[in-house]
Every structure is written in C-alpha cells, then in structure tokens.
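protein-v2.cif (mmCIF, N, CA and C atoms) appears below.
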data_final
#
loop_
_atom_site.group_PDB
_atom_site.id
_atom_site.type_symbol
_atom_site.label_atom_id
_atom_site.label_comp_id
_atom_site.auth_asym_id
_atom_site.auth_seq_id
_atom_site.Cartn_x
_atom_site.Cartn_y
_atom_site.Cartn_z
ATOM 1 N N MET A 9 311.041 89.827 -9.861
ATOM 2 C CA MET A 9 310.538 88.895 -10.861
ATOM 3 C C MET A 9 309.343 89.530 -11.565
ATOM 4 N N ASN A 10 309.234 89.233 -12.832
ATOM 5 C CA ASN A 10 308.157 89.778 -13.646
ATOM 6 C C ASN A 10 306.797 89.238 -13.168
ATOM 7 N N PRO A 11 305.804 90.107 -12.939
ATOM 8 C CA PRO A 11 304.496 89.636 -12.451
ATOM 9 C C PRO A 11 303.822 88.645 -13.399
ATOM 10 N N LYS A 12 303.990 88.859 -14.716
ATOM 11 C CA LYS A 12 303.387 87.924 -15.673
ATOM 12 C C LYS A 12 304.039 86.556 -15.575
ATOM 13 N N ARG A 13 305.344 86.553 -15.404
ATOM 14 C CA ARG A 13 306.070 85.281 -15.281
ATOM 15 C C ARG A 13 305.666 84.582 -13.981
ATOM 16 N N LEU A 14 305.529 85.342 -12.929
ATOM 17 C CA LEU A 14 305.116 84.781 -11.645
ATOM 18 C C LEU A 14 303.707 84.189 -11.739
ATOM 19 N N TYR A 15 302.825 84.904 -12.422
ATOM 20 C CA TYR A 15 301.448 84.436 -12.604
ATOM 21 C C TYR A 15 301.428 83.158 -13.443
ATOM 22 N N ALA A 16 302.236 83.107 -14.506
ATOM 23 C CA ALA A 16 302.313 81.915 -15.348
ATOM 24 C C ALA A 16 302.860 80.738 -14.551
ATOM 25 N N LEU A 17 303.862 80.990 -13.734
ATOM 26 C CA LEU A 17 304.437 79.941 -12.892
ATOM 27 C C LEU A 17 303.414 79.412 -11.900
ATOM 28 N N LEU A 18 302.610 80.307 -11.354
ATOM 29 C CA LEU A 18 301.554 79.908 -10.429
ATOM 30 C C LEU A 18 300.524 79.023 -11.122
ATOM 31 N N ILE A 19 300.125 79.400 -12.334
ATOM 32 C CA ILE A 19 299.148 78.597 -13.079
ATOM 33 C C ILE A 19 299.715 77.225 -13.401
ATOM 34 N N VAL A 20 300.964 77.183 -13.850
ATOM 35 C CA VAL A 20 301.589 75.901 -14.189
ATOM 36 C C VAL A 20 301.706 75.022 -12.946
ATOM 37 N N SER A 21 302.101 75.603 -11.836
ATOM 38 C CA SER A 21 302.242 74.807 -10.615
ATOM 39 C C SER A 21 300.882 74.279 -10.148
ATOM 40 N N GLN A 22 299.833 75.077 -10.320
ATOM 41 C CA GLN A 22 298.484 74.612 -9.949
ATOM 42 C C GLN A 22 298.037 73.472 -10.856
ATOM 43 N N LEU A 23 298.348 73.562 -12.150
ATOM 44 C CA LEU A 23 298.002 72.482 -13.087
ATOM 45 C C LEU A 23 298.747 71.198 -12.738
ATOM 46 N N VAL A 24 300.032 71.325 -12.440
ATOM 47 C CA VAL A 24 300.818 70.150 -12.056
ATOM 48 C C VAL A 24 300.259 69.532 -10.778
ATOM 49 N N LEU A 25 299.907 70.358 -9.823
ATOM 50 C CA LEU A 25 299.331 69.864 -8.577
ATOM 51 C C LEU A 25 297.998 69.163 -8.829
ATOM 52 N N ALA A 26 297.154 69.744 -9.690
ATOM 53 C CA ALA A 26 295.859 69.138 -9.997
ATOM 54 C C ALA A 26 296.036 67.781 -10.672
ATOM 55 N N ILE A 27 296.974 67.697 -11.601
ATOM 56 C CA ILE A 27 297.233 66.425 -12.286
ATOM 57 C C ILE A 27 297.762 65.398 -11.298
ATOM 58 N N ALA A 28 298.662 65.803 -10.415
ATOM 59 C CA ALA A 28 299.207 64.882 -9.420
ATOM 60 C C ALA A 28 298.113 64.371 -8.487
ATOM 61 N N VAL A 29 297.209 65.240 -8.076
ATOM 62 C CA VAL A 29 296.111 64.825 -7.206
ATOM 63 C C VAL A 29 295.198 63.843 -7.926
ATOM 64 N N CYS A 30 294.927 64.097 -9.224
ATOM 65 C CA CYS A 30 294.080 63.182 -9.993
ATOM 66 C C CYS A 30 294.732 61.807 -10.127
ATOM 67 N N VAL A 31 296.029 61.791 -10.438
ATOM 68 C CA VAL A 31 296.741 60.511 -10.586
ATOM 69 C C VAL A 31 296.765 59.772 -9.255
ATOM 70 N N LEU A 32 297.073 60.489 -8.183
ATOM 71 C CA LEU A 32 297.119 59.862 -6.867
ATOM 72 C C LEU A 32 295.744 59.351 -6.468
ATOM 73 N N GLY A 33 294.714 60.142 -6.740
ATOM 74 C CA GLY A 33 293.356 59.707 -6.425
ATOM 75 C C GLY A 33 292.970 58.463 -7.199
ATOM 76 N N ALA A 34 293.361 58.406 -8.473
ATOM 77 C CA ALA A 34 293.062 57.223 -9.288
ATOM 78 C C ALA A 34 293.800 56.002 -8.751
ATOM 79 N N ARG A 35 295.027 56.198 -8.322
ATOM 80 C CA ARG A 35 295.785 55.060 -7.776
ATOM 81 C C ARG A 35 295.179 54.588 -6.462
ATOM 82 N N ILE A 36 294.760 55.526 -5.629
ATOM 83 C CA ILE A 36 294.137 55.143 -4.362
ATOM 84 C C ILE A 36 292.833 54.397 -4.634
ATOM 85 N N PHE A 37 292.058 54.876 -5.620
ATOM 86 C CA PHE A 37 290.810 54.207 -5.967
ATOM 87 C C PHE A 37 291.085 52.803 -6.483
ATOM 88 N N ALA A 38 292.117 52.656 -7.332
ATOM 89 C CA ALA A 38 292.479 51.337 -7.855
ATOM 90 C C ALA A 38 292.955 50.428 -6.723
ATOM 91 N N LEU A 39 293.737 50.972 -5.814
ATOM 92 C CA LEU A 39 294.210 50.182 -4.678
ATOM 93 C C LEU A 39 293.041 49.746 -3.807
ATOM 94 N N HIS A 40 292.071 50.639 -3.627
ATOM 95 C CA HIS A 40 290.887 50.313 -2.845
ATOM 96 C C HIS A 40 290.129 49.164 -3.500
ATOM 97 N N ALA A 41 290.020 49.178 -4.834
ATOM 98 C CA ALA A 41 289.340 48.094 -5.549
ATOM 99 C C ALA A 41 290.101 46.784 -5.391
ATOM 100 N N VAL A 42 291.419 46.842 -5.454
ATOM 101 C CA VAL A 42 292.235 45.625 -5.295
ATOM 102 C C VAL A 42 292.073 45.066 -3.888
ATOM 103 N N VAL A 43 292.098 45.942 -2.886
ATOM 104 C CA VAL A 43 291.925 45.489 -1.498
ATOM 105 C C VAL A 43 290.552 44.858 -1.315
ATOM 106 N N ASN A 44 289.519 45.463 -1.908
ATOM 107 C CA ASN A 44 288.182 44.878 -1.818
ATOM 108 C C ASN A 44 288.134 43.514 -2.470
ATOM 109 N N ASP A 45 288.796 43.353 -3.621
ATOM 110 C CA ASP A 45 288.839 42.052 -4.288
ATOM 111 C C ASP A 45 289.551 41.019 -3.418
ATOM 112 N N ILE A 46 290.665 41.420 -2.819
ATOM 113 C CA ILE A 46 291.406 40.489 -1.955
ATOM 114 C C ILE A 46 290.558 40.089 -0.759
ATOM 115 N N LEU A 47 289.884 41.058 -0.158
ATOM 116 C CA LEU A 47 289.029 40.735 0.988
ATOM 117 C C LEU A 47 287.879 39.823 0.585
ATOM 118 N N ARG A 48 287.320 40.049 -0.601
ATOM 119 C CA ARG A 48 286.234 39.202 -1.079
ATOM 120 C C ARG A 48 286.731 37.773 -1.302
ATOM 121 N N ILE A 49 287.924 37.635 -1.897
ATOM 122 C CA ILE A 49 288.489 36.303 -2.148
ATOM 123 C C ILE A 49 288.798 35.599 -0.832
ATOM 124 N N THR A 50 289.463 36.308 0.090
ATOM 125 C CA THR A 50 289.798 35.672 1.369
ATOM 126 C C THR A 50 288.539 35.362 2.164
ATOM 127 N N GLY A 51 287.530 36.222 2.054
ATOM 128 C CA GLY A 51 286.261 35.946 2.719
ATOM 129 C C GLY A 51 285.616 34.696 2.159
ATOM 130 N N GLY A 52 285.712 34.514 0.840
ATOM 131 C CA GLY A 52 285.182 33.300 0.219
ATOM 132 C C GLY A 52 285.939 32.070 0.668
ATOM 133 N N ILE A 53 287.260 32.195 0.790
ATOM 134 C CA ILE A 53 288.073 31.058 1.244
ATOM 135 C C ILE A 53 287.720 30.711 2.690
ATOM 136 N N ILE A 54 287.594 31.738 3.524
ATOM 137 C CA ILE A 54 287.256 31.494 4.933
ATOM 138 C C ILE A 54 285.874 30.859 5.045
ATOM 139 N N ASP A 55 284.920 31.337 4.232
ATOM 140 C CA ASP A 55 283.590 30.723 4.244
ATOM 141 C C ASP A 55 283.662 29.273 3.789
ATOM 142 N N SER A 56 284.498 28.985 2.805
ATOM 143 C CA SER A 56 284.660 27.610 2.332
ATOM 144 C C SER A 56 285.255 26.734 3.430
ATOM 145 N N ILE A 57 286.246 27.268 4.134
ATOM 146 C CA ILE A 57 286.857 26.504 5.227
ATOM 147 C C ILE A 57 285.831 26.259 6.329
ATOM 148 N N ASP A 58 285.044 27.276 6.645
ATOM 149 C CA ASP A 58 283.997 27.098 7.659
ATOM 150 C C ASP A 58 282.997 26.031 7.226
ATOM 151 N N THR A 59 282.658 26.028 5.953
ATOM 152 C CA THR A 59 281.731 25.018 5.440
ATOM 153 C C THR A 59 282.334 23.626 5.559
ATOM 154 N N ILE A 60 283.610 23.500 5.211
ATOM 155 C CA ILE A 60 284.276 22.189 5.316
ATOM 156 C C ILE A 60 284.323 21.737 6.768
ATOM 157 N N VAL A 61 284.624 22.659 7.676
ATOM 158 C CA VAL A 61 284.669 22.317 9.098
ATOM 159 C C VAL A 61 283.294 21.854 9.574
ATOM 160 N N GLU A 62 282.252 22.535 9.150
ATOM 161 C CA GLU A 62 280.892 22.136 9.538
ATOM 162 C C GLU A 62 280.552 20.756 8.984
ATOM 163 N N ILE A 63 280.942 20.510 7.745
ATOM 164 C CA ILE A 63 280.688 19.189 7.156
ATOM 165 C C ILE A 63 281.436 18.109 7.928
ATOM 166 N N LEU A 64 282.684 18.398 8.297
ATOM 167 C CA LEU A 64 283.469 17.419 9.053
ATOM 168 C C LEU A 64 282.854 17.180 10.436
ATOM 169 N N LYS A 65 282.360 18.248 11.064
ATOM 170 C CA LYS A 65 281.709 18.096 12.367
ATOM 171 C C LYS A 65 280.466 17.227 12.231
ATOM 172 N N LEU A 66 279.677 17.488 11.205
ATOM 173 C CA LEU A 66 278.458 16.701 10.998
ATOM 174 C C LEU A 66 278.784 15.257 10.684
ATOM 175 N N SER A 67 279.772 15.042 9.814
ATOM 176 C CA SER A 67 280.124 13.668 9.459
ATOM 177 C C SER A 67 280.752 12.958 10.654
ATOM 178 N N GLY A 68 281.481 13.696 11.485
ATOM 179 C CA GLY A 68 282.040 13.087 12.708
ATOM 180 C C GLY A 68 280.949 12.715 13.679
ATOM 181 N N GLY A 69 279.884 13.503 13.727
ATOM 182 C CA GLY A 69 278.766 13.184 14.601
ATOM 183 C C GLY A 69 277.990 11.986 14.119
ATOM 184 N N LEU A 70 278.024 11.727 12.820
ATOM 185 C CA LEU A 70 277.264 10.597 12.267
ATOM 186 C C LEU A 70 278.019 9.279 12.449
ATOM 187 N N CYS A 71 279.328 9.330 12.530
ATOM 188 C CA CYS A 71 280.111 8.094 12.615
ATOM 189 C C CYS A 71 280.135 7.552 14.028
#

Write out the structure in this file as structure tokens.
Amino acid sequence: MNPKRLYALLIVSQLVLAIAVCVLGARIFALHAVVNDILRITGGIIDSIDTIVEILKLSGGLC
C-alpha cells in the first residue's frame, strides 16, 4: 500500500474517532444533565410527600 495513502487513511480515521468521541461525550453530558433533573424532581416530590406526612402526623396529634 502506498505510504501516502496509508498516512491519509490514518489521519481520516483519527478525525472520525475524534468526532465520535466528541459526540459520545456530548450525549453522555446531556444524559447526565437529564438524570440530574430527574433526581432533582423526584427529590422534590419525596420532600413534598415527607412534608405531607409530617403535616398529617401533626394534625393527627392535634385531633
């Protein structure tokens, strides 16, 4: 195989690999942000449920 062609193929393959890593990294970062949002929402829901339970306990103690 021609050395110039081999060198060009190596450069192209490295560029494709770099682009793939960037895209994958961006997707992982986006997924991480989505997971954080979901955890924040579920954490808020759980805190709300805990608050409701505490209110019910207090109101049950008053009755």

Between atom C of Ile63 (chain A) and atom C of Asp45 (chain A) - distance in Å to one decimal: 26.8 Å

Computed interatomic separation between atom C of Ala34 (chain A) and CA of Ser21 (chain A) (Å):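 Result for atom C of Ala34 (chain A) versus CA of Ser21 (chain A): 20.7 Å, one decimal.
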
Point-to-point distance from CA of Cys30 (chain A) to atom C of Tyr15 (chain A), Å rounded to tenths: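 Atom C of Tyr15 (chain A) lies 21.6 Å from CA of Cys30 (chain A).
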
Centre, edges in Å (one decimal): axis-aligned box, region 32-46 of chain A, 6 Å padding on all six sides, as lines of an AutoDock Vina configuration file:
center_x = 292.6
center_y = 50.3
center_z = -5.0
size_x = 21.0
size_y = 32.4
size_z = 20.5
